[in-house]
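J.: Here it is, the structure in full.
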Amino acid sequence: MQKITKLIYNKPFVFSLWFGLSFLIVLKGILTHQIFNNYQVFKYNFINTIHQHNLYTPQPEHFYDLNHYGPVFSLIIAPFALMPDSVGVLMWVMFNAFILFKAIQLLPIKENQYVIILLICAHELMTASANVQSNPMVAGLIILSFSFIKKKQDFWAALMIAIGTFVKLYGIVGLAFFFFSENKLKFIASFIFWSAILFVLPMLISSPAFIIQTYQDWYHDIVAKNDTNQGSLLQEICVMGLIRKIFNYPELKNIYVIAPALVLFALSYLRVKSFKTLQYQLLILSSALIFAVIFSSSSESSTYIIAFTGVAIWYMNLNRPVTRYEVFLLIFALILTSLSPSDLFPRYIRTAYVAPYKLKALPCFLIWLKIIYETLTRHFSKPEQLKAI
């Protein structure tokens, strides 16, 4: 047992898993000449922005599916799009892994705790990396916005939220940390400033008229995507999809689930006296990360690196010793949420039950409900000191 404990806290081992699993899964794809369709979608976001081609129309000669990212994303993917594809896709995945790694490392928690968070999330990161998705970066941006607010660096916190929002909308949940800011006017002004900057920045590689039109096209694309997500096998891995499938209620409207969830989330803020308590703040961070995924009709398997990071932060933020139920919830999430898409999970159960019934969302939903309960009832200690960064 002591050897296992040492291995769990062994940084070189955990870091190797974190970066190594993602590196090897993509390298295997490169060596077997796998077509990374998502990377082609990302790459042509940049190419189409430069050439002023509509970002949201089908281009079957280059990729299948559609682009759903904003024009700001073209600037982020640009350095990788200019590389040969085999190099660019590998560097893109490592970049995403590093952003989330650094964000977790900078959390204001005990040093050994962030190592466990990395270990818990390593397999889920590999799932996102196998699909060369941007979700690890998005999760990192949300967490960084939290850490910057804790460090009283609202200017940079606002930038993280703005980037996450202009890239994939999920970043908007960073506004949940607004109440933890000690200079709310500066935070608001900074968010407006960065939003204006990011709105016009893509015009440097395109034209003002095209970018303004692109934002309009993006809005229509998001509305259309939300309509087509319903009933999709690979999309809608969320609470709404879970309810539709289990209860055979396909006509369920998303608002009937999202509205009560928003009310529950808002109830968490009733503990005003706890706003300066780190344990409470970390609960809100965990809740926001999970909420953004399990109540989004666009959620797919690779999106869950965002939610699962919230699960890991929640677990490390629990009072010790943890209860059997809390251990069960973590193990349930590790098995059903993280391992179910992999070959480590029985294929028949995955294809017959987990995928069609959207069961990947279930453990995260139960944990989110537990977090809401904790925000309302848990006894918080005095405000803790931030870890030196």
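In the structure tokens, each chain is lettered A, B, ... as it comes, each chain's residues begin at 1, and ligands are numbered from 1 in order of appearance.
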Taking the backbone alone, and naming residues the way the document does, which bits of stretch 5-194 of chain A are alpha helix (DSSP H) by DSSP, as a PyMOL selection string?
T.: chain A and resi 5-8+11-31+37-51+73-81+85-105+111-130+135-150+154-168+184-194
J.: So which residues touch stretch 155-159 of chain A within 12 Å, counting only C-alpha atoms, skipping near sequence neighbours fewer than 5 positions away, as an mmCIF file with C-alpha atoms, in the first residue's frame?
T.:
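Printed below is out.cif as written:
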```cif
data_model
loop_
_atom_site.group_PDB
_atom_site.id
_atom_site.type_symbol
_atom_site.label_atom_id
_atom_site.label_comp_id
_atom_site.auth_asym_id
_atom_site.auth_seq_id
_atom_site.Cartn_x
_atom_site.Cartn_y
_atom_site.Cartn_z
ATOM 1 C CA GLY A 140 -7.797 25.252 -18.591
ATOM 2 C CA LEU A 141 -9.079 28.724 -19.461
ATOM 3 C CA ILE A 142 -12.007 28.371 -17.046
ATOM 4 C CA ILE A 143 -9.718 27.236 -14.233
ATOM 5 C CA LEU A 144 -7.184 29.982 -14.976
ATOM 6 C CA SER A 145 -9.925 32.603 -14.768
ATOM 7 C CA PHE A 146 -10.707 31.304 -11.271
ATOM 8 C CA SER A 147 -7.044 31.363 -10.199
ATOM 9 C CA PHE A 148 -6.446 34.865 -11.566
ATOM 10 C CA ILE A 149 -9.444 36.170 -9.626
ATOM 11 C CA LYS A 150 -8.056 34.536 -6.504
ATOM 12 C CA GLY A 164 -13.034 30.722 -23.814
ATOM 13 C CA THR A 165 -16.299 32.394 -24.794
ATOM 14 C CA PHE A 166 -15.151 33.627 -28.208
ATOM 15 C CA GLY A 171 -15.798 29.703 -21.276
ATOM 16 C CA ILE A 172 -18.716 31.959 -20.350
ATOM 17 C CA VAL A 173 -19.210 29.884 -17.179
ATOM 18 C CA GLY A 174 -16.110 31.652 -15.842
ATOM 19 C CA LEU A 175 -18.458 34.532 -15.044
ATOM 20 C CA ALA A 176 -19.666 32.340 -12.167
ATOM 21 C CA PHE A 177 -16.579 33.510 -10.273
ATOM 22 C CA PHE A 178 -17.525 37.180 -10.579
ATOM 23 C CA PHE A 180 -15.251 36.267 -5.748
ATOM 24 C CA SER A 181 -13.648 39.345 -7.301
ATOM 25 C CA ASN A 183 -12.708 44.678 -7.632
ATOM 26 C CA LYS A 184 -15.881 43.969 -9.565
ATOM 27 C CA LEU A 185 -15.833 47.208 -11.567
ATOM 28 C CA LYS A 186 -12.325 46.422 -12.802
ATOM 29 C CA PHE A 187 -13.460 42.913 -13.687
ATOM 30 C CA ILE A 188 -16.453 44.191 -15.692
ATOM 31 C CA ALA A 189 -14.377 46.845 -17.452
ATOM 32 C CA SER A 190 -11.679 44.286 -18.258
ATOM 33 C CA PHE A 191 -14.196 41.832 -19.686
ATOM 34 C CA ILE A 192 -15.699 44.538 -21.912
ATOM 35 C CA PHE A 193 -12.203 45.605 -22.997
ATOM 36 C CA TRP A 194 -11.052 42.084 -23.898
ATOM 37 C CA SER A 195 -14.335 41.276 -25.621
ATOM 38 C CA ALA A 196 -13.893 44.323 -27.845
ATOM 39 C CA ILE A 197 -10.280 43.384 -28.592
ATOM 40 C CA LEU A 198 -11.131 39.790 -29.430
#
```
J.: Which residues are near A:Tyr219? Cut-off 12 Å, only C-alpha atoms, ignore same chain within fewer than 6 positions. Put them as a ChimeraX atom specification.
T.: /A:55-56,68-71,166,168-169,212-213,225-226
J.: Store the residues of this selection in a file with C-alpha atoms, as a short mmCIF file (atom, residue, chain, number, x, y, z; two decimals), in the first residue's frame.
T.:
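The resulting file, result-v7.cif, is shown below:
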```cif
data_model
loop_
_atom_site.label_atom_id
_atom_site.label_comp_id
_atom_site.auth_asym_id
_atom_site.auth_seq_id
_atom_site.Cartn_x
_atom_site.Cartn_y
_atom_site.Cartn_z
CA LEU A 55 -16.52 29.20 -41.89
CA TYR A 56 -19.72 27.21 -41.37
CA HIS A 68 -18.62 25.35 -34.90
CA TYR A 69 -15.84 27.60 -33.61
CA GLY A 70 -15.74 31.38 -33.64
CA PRO A 71 -13.31 33.38 -35.81
CA PHE A 166 -15.15 33.63 -28.21
CA LYS A 168 -16.41 27.79 -27.92
CA LEU A 169 -18.90 29.55 -25.63
CA ILE A 212 -18.80 40.84 -38.69
CA GLN A 213 -20.69 38.59 -41.11
CA LYS A 225 -26.53 22.75 -34.25
CA ASN A 226 -28.64 22.82 -31.09
#
```
J.: For A:Met94, find every residue with an atom within 8 Å (counting only C-alpha atoms), except residues of its own chain fewer than 2 positions away, and show them as an NGL selection string.
T.: :A and (19 or 22-23 or 90-92 or 96-98)
J.: Can you write out the residues you just picked, keeping N, CA and C atoms, as an mmCIF file, in the first residue's frame?
T.:
```
data_model
loop_
_atom_site.group_PDB
_atom_site.id
_atom_site.type_symbol
_atom_site.label_atom_id
_atom_site.label_comp_id
_atom_site.auth_asym_id
_atom_site.auth_seq_id
_atom_site.Cartn_x
_atom_site.Cartn_y
_atom_site.Cartn_z
ATOM 1 N N PHE A 19 1.030 13.520 -20.064
ATOM 2 C CA PHE A 19 1.453 13.892 -21.420
ATOM 3 C C PHE A 19 1.666 12.662 -22.309
ATOM 4 N N SER A 22 -1.561 10.975 -24.060
ATOM 5 C CA SER A 22 -2.054 11.801 -25.165
ATOM 6 C C SER A 22 -1.093 11.783 -26.343
ATOM 7 N N PHE A 23 0.197 11.859 -26.041
ATOM 8 C CA PHE A 23 1.213 11.852 -27.100
ATOM 9 C C PHE A 23 1.163 10.544 -27.887
ATOM 10 N N LEU A 90 0.125 16.912 -33.627
ATOM 11 C CA LEU A 90 0.787 16.464 -32.401
ATOM 12 C C LEU A 90 1.059 17.639 -31.468
ATOM 13 N N MET A 91 1.540 18.737 -32.026
ATOM 14 C CA MET A 91 1.822 19.922 -31.221
ATOM 15 C C MET A 91 0.527 20.528 -30.662
ATOM 16 N N TRP A 92 -0.535 20.456 -31.437
ATOM 17 C CA TRP A 92 -1.830 20.974 -30.986
ATOM 18 C C TRP A 92 -2.326 20.210 -29.757
ATOM 19 N N ASN A 96 -2.748 21.702 -25.862
ATOM 20 C CA ASN A 96 -3.964 21.599 -25.059
ATOM 21 C C ASN A 96 -3.695 20.922 -23.722
ATOM 22 N N ALA A 97 -2.915 19.842 -23.761
ATOM 23 C CA ALA A 97 -2.581 19.130 -22.524
ATOM 24 C C ALA A 97 -1.795 20.028 -21.573
ATOM 25 N N PHE A 98 -0.900 20.848 -22.126
ATOM 26 C CA PHE A 98 -0.086 21.733 -21.285
ATOM 27 C C PHE A 98 -0.926 22.836 -20.649
#
```
J.: May I have the residues within 9 Å of stretch 292-304 of chain A as JSON, numbers by chain, using only C-alpha atoms and disregarding those fewer than 3 positions away in the same chain?
T.: {"A": [124, 125, 126, 127, 128, 129, 130, 131, 132, 133, 134, 135, 136, 170, 171, 172, 173, 225, 226, 227, 229, 230, 234, 235, 236, 237, 238, 239, 240, 241, 254, 257, 258, 261, 287, 288, 289, 307, 308, 309, 337, 338, 341, 360, 361, 362, 364, 365]}
J.: Contacts of A:Ile104 at 12 Å or less, counting only C-alpha atoms, minus same-chain residues fewer than 3 places along, as a PyMOL selection string?
T.: chain A and resi 18+97-101+107-121+136-137+139-147+285+306+309-310+312-313+316+389
J.: For the selection just defined, write its residues with N, CA and C atoms to a file, as a compact mmCIF listing (two decimals), in the first residue's frame.
T.:
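See part-v9.txt below for the written result:
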```txt
# COMPACT_ATOMS: atom_id res chain seq x y z
N TRP A 18 0.17 11.87 -17.87
CA TRP A 18 -0.60 13.02 -18.36
C TRP A 18 -0.25 13.35 -19.81
N ALA A 97 -2.92 19.84 -23.76
CA ALA A 97 -2.58 19.13 -22.52
C ALA A 97 -1.79 20.03 -21.57
N PHE A 98 -0.90 20.85 -22.13
CA PHE A 98 -0.09 21.73 -21.28
C PHE A 98 -0.93 22.84 -20.65
N ILE A 99 -1.86 23.42 -21.41
CA ILE A 99 -2.71 24.49 -20.86
C ILE A 99 -3.49 23.98 -19.66
N LEU A 100 -4.09 22.81 -19.79
CA LEU A 100 -4.86 22.26 -18.66
C LEU A 100 -3.94 21.85 -17.52
N PHE A 101 -2.80 21.28 -17.85
CA PHE A 101 -1.82 20.90 -16.83
C PHE A 101 -1.42 22.12 -16.00
N LEU A 107 -3.73 25.97 -9.36
CA LEU A 107 -4.85 26.07 -8.44
C LEU A 107 -4.36 26.34 -7.02
N PRO A 108 -5.09 27.14 -6.26
CA PRO A 108 -4.67 27.46 -4.88
C PRO A 108 -5.00 26.33 -3.91
N ILE A 109 -4.34 25.19 -4.12
CA ILE A 109 -4.55 24.03 -3.27
C ILE A 109 -3.20 23.48 -2.85
N LYS A 110 -3.22 22.49 -1.96
CA LYS A 110 -1.96 21.89 -1.53
C LYS A 110 -1.28 21.22 -2.71
N GLU A 111 0.05 21.25 -2.70
CA GLU A 111 0.81 20.82 -3.87
C GLU A 111 0.53 19.38 -4.24
N ASN A 112 0.42 18.47 -3.28
CA ASN A 112 0.19 17.08 -3.63
C ASN A 112 -1.21 16.84 -4.18
N GLN A 113 -2.14 17.77 -3.90
CA GLN A 113 -3.50 17.61 -4.39
C GLN A 113 -3.60 17.76 -5.89
N TYR A 114 -2.86 18.69 -6.47
CA TYR A 114 -2.96 18.88 -7.92
C TYR A 114 -2.42 17.67 -8.67
N VAL A 115 -1.46 16.95 -8.06
CA VAL A 115 -0.92 15.74 -8.70
C VAL A 115 -2.01 14.67 -8.79
N ILE A 116 -2.83 14.54 -7.74
CA ILE A 116 -3.93 13.57 -7.76
C ILE A 116 -4.99 13.97 -8.78
N ILE A 117 -5.26 15.26 -8.90
CA ILE A 117 -6.22 15.72 -9.90
C ILE A 117 -5.74 15.34 -11.30
N LEU A 118 -4.46 15.54 -11.56
CA LEU A 118 -3.90 15.15 -12.86
C LEU A 118 -4.06 13.65 -13.09
N LEU A 119 -3.81 12.87 -12.06
CA LEU A 119 -3.90 11.41 -12.18
C LEU A 119 -5.33 10.98 -12.46
N ILE A 120 -6.29 11.57 -11.75
CA ILE A 120 -7.70 11.22 -11.95
C ILE A 120 -8.16 11.55 -13.36
N CYS A 121 -7.64 12.64 -13.92
CA CYS A 121 -8.11 13.13 -15.22
C CYS A 121 -7.30 12.63 -16.41
N PRO A 136 -9.59 20.41 -23.59
CA PRO A 136 -8.64 20.61 -22.49
C PRO A 136 -8.23 22.07 -22.34
N MET A 137 -8.03 22.76 -23.45
CA MET A 137 -7.70 24.18 -23.39
C MET A 137 -8.84 24.98 -22.79
N ALA A 139 -11.16 23.94 -20.69
CA ALA A 139 -11.18 23.67 -19.26
C ALA A 139 -10.09 24.46 -18.55
N GLY A 140 -8.91 24.50 -19.17
CA GLY A 140 -7.80 25.25 -18.59
C GLY A 140 -8.10 26.74 -18.48
N LEU A 141 -8.73 27.30 -19.48
CA LEU A 141 -9.08 28.72 -19.46
C LEU A 141 -10.06 29.04 -18.34
N ILE A 142 -11.04 28.16 -18.13
CA ILE A 142 -12.01 28.37 -17.05
C ILE A 142 -11.31 28.34 -15.69
N ILE A 143 -10.44 27.36 -15.51
CA ILE A 143 -9.72 27.24 -14.23
C ILE A 143 -8.77 28.41 -14.03
N LEU A 144 -8.10 28.84 -15.09
CA LEU A 144 -7.18 29.98 -14.98
C LEU A 144 -7.93 31.26 -14.60
N SER A 145 -9.14 31.42 -15.13
CA SER A 145 -9.93 32.60 -14.77
C SER A 145 -10.21 32.60 -13.27
N PHE A 146 -10.49 31.44 -12.71
CA PHE A 146 -10.71 31.30 -11.27
C PHE A 146 -9.44 31.67 -10.49
N SER A 147 -8.30 31.12 -10.91
CA SER A 147 -7.04 31.36 -10.20
C SER A 147 -6.61 32.82 -10.28
N LEU A 285 -16.27 26.34 -8.47
CA LEU A 285 -15.46 26.02 -9.64
C LEU A 285 -15.82 24.64 -10.18
N ILE A 306 -13.70 18.55 -19.49
CA ILE A 306 -14.07 19.76 -18.75
C ILE A 306 -14.79 19.36 -17.46
N THR A 309 -12.60 17.25 -14.90
CA THR A 309 -11.69 18.06 -14.10
C THR A 309 -12.44 18.63 -12.89
N GLY A 310 -13.70 19.02 -13.12
CA GLY A 310 -14.53 19.47 -12.01
C GLY A 310 -14.75 18.37 -10.98
N ALA A 312 -12.71 15.87 -10.31
CA ALA A 312 -11.45 15.66 -9.58
C ALA A 312 -11.21 16.77 -8.55
N ILE A 313 -11.48 18.00 -8.93
CA ILE A 313 -11.31 19.13 -8.00
C ILE A 313 -12.27 18.98 -6.82
N MET A 316 -10.94 16.28 -4.36
CA MET A 316 -9.79 16.71 -3.56
C MET A 316 -10.16 17.83 -2.59
N ILE A 389 2.36 31.04 -5.74
CA ILE A 389 2.44 30.76 -7.17
C ILE A 389 3.60 31.54 -7.77
```
J.: Suppose you want the space between atom CA of A:Ala81 and atom CA of A:Phe15; what is it in Å?
T.: 26.8 Å
J.: Work out how far atom CA of A:Trp368 is from atom CA of A:Leu267, in Å to one decimal.
T.: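 Computing it gives 13.2 Å between the two atoms.
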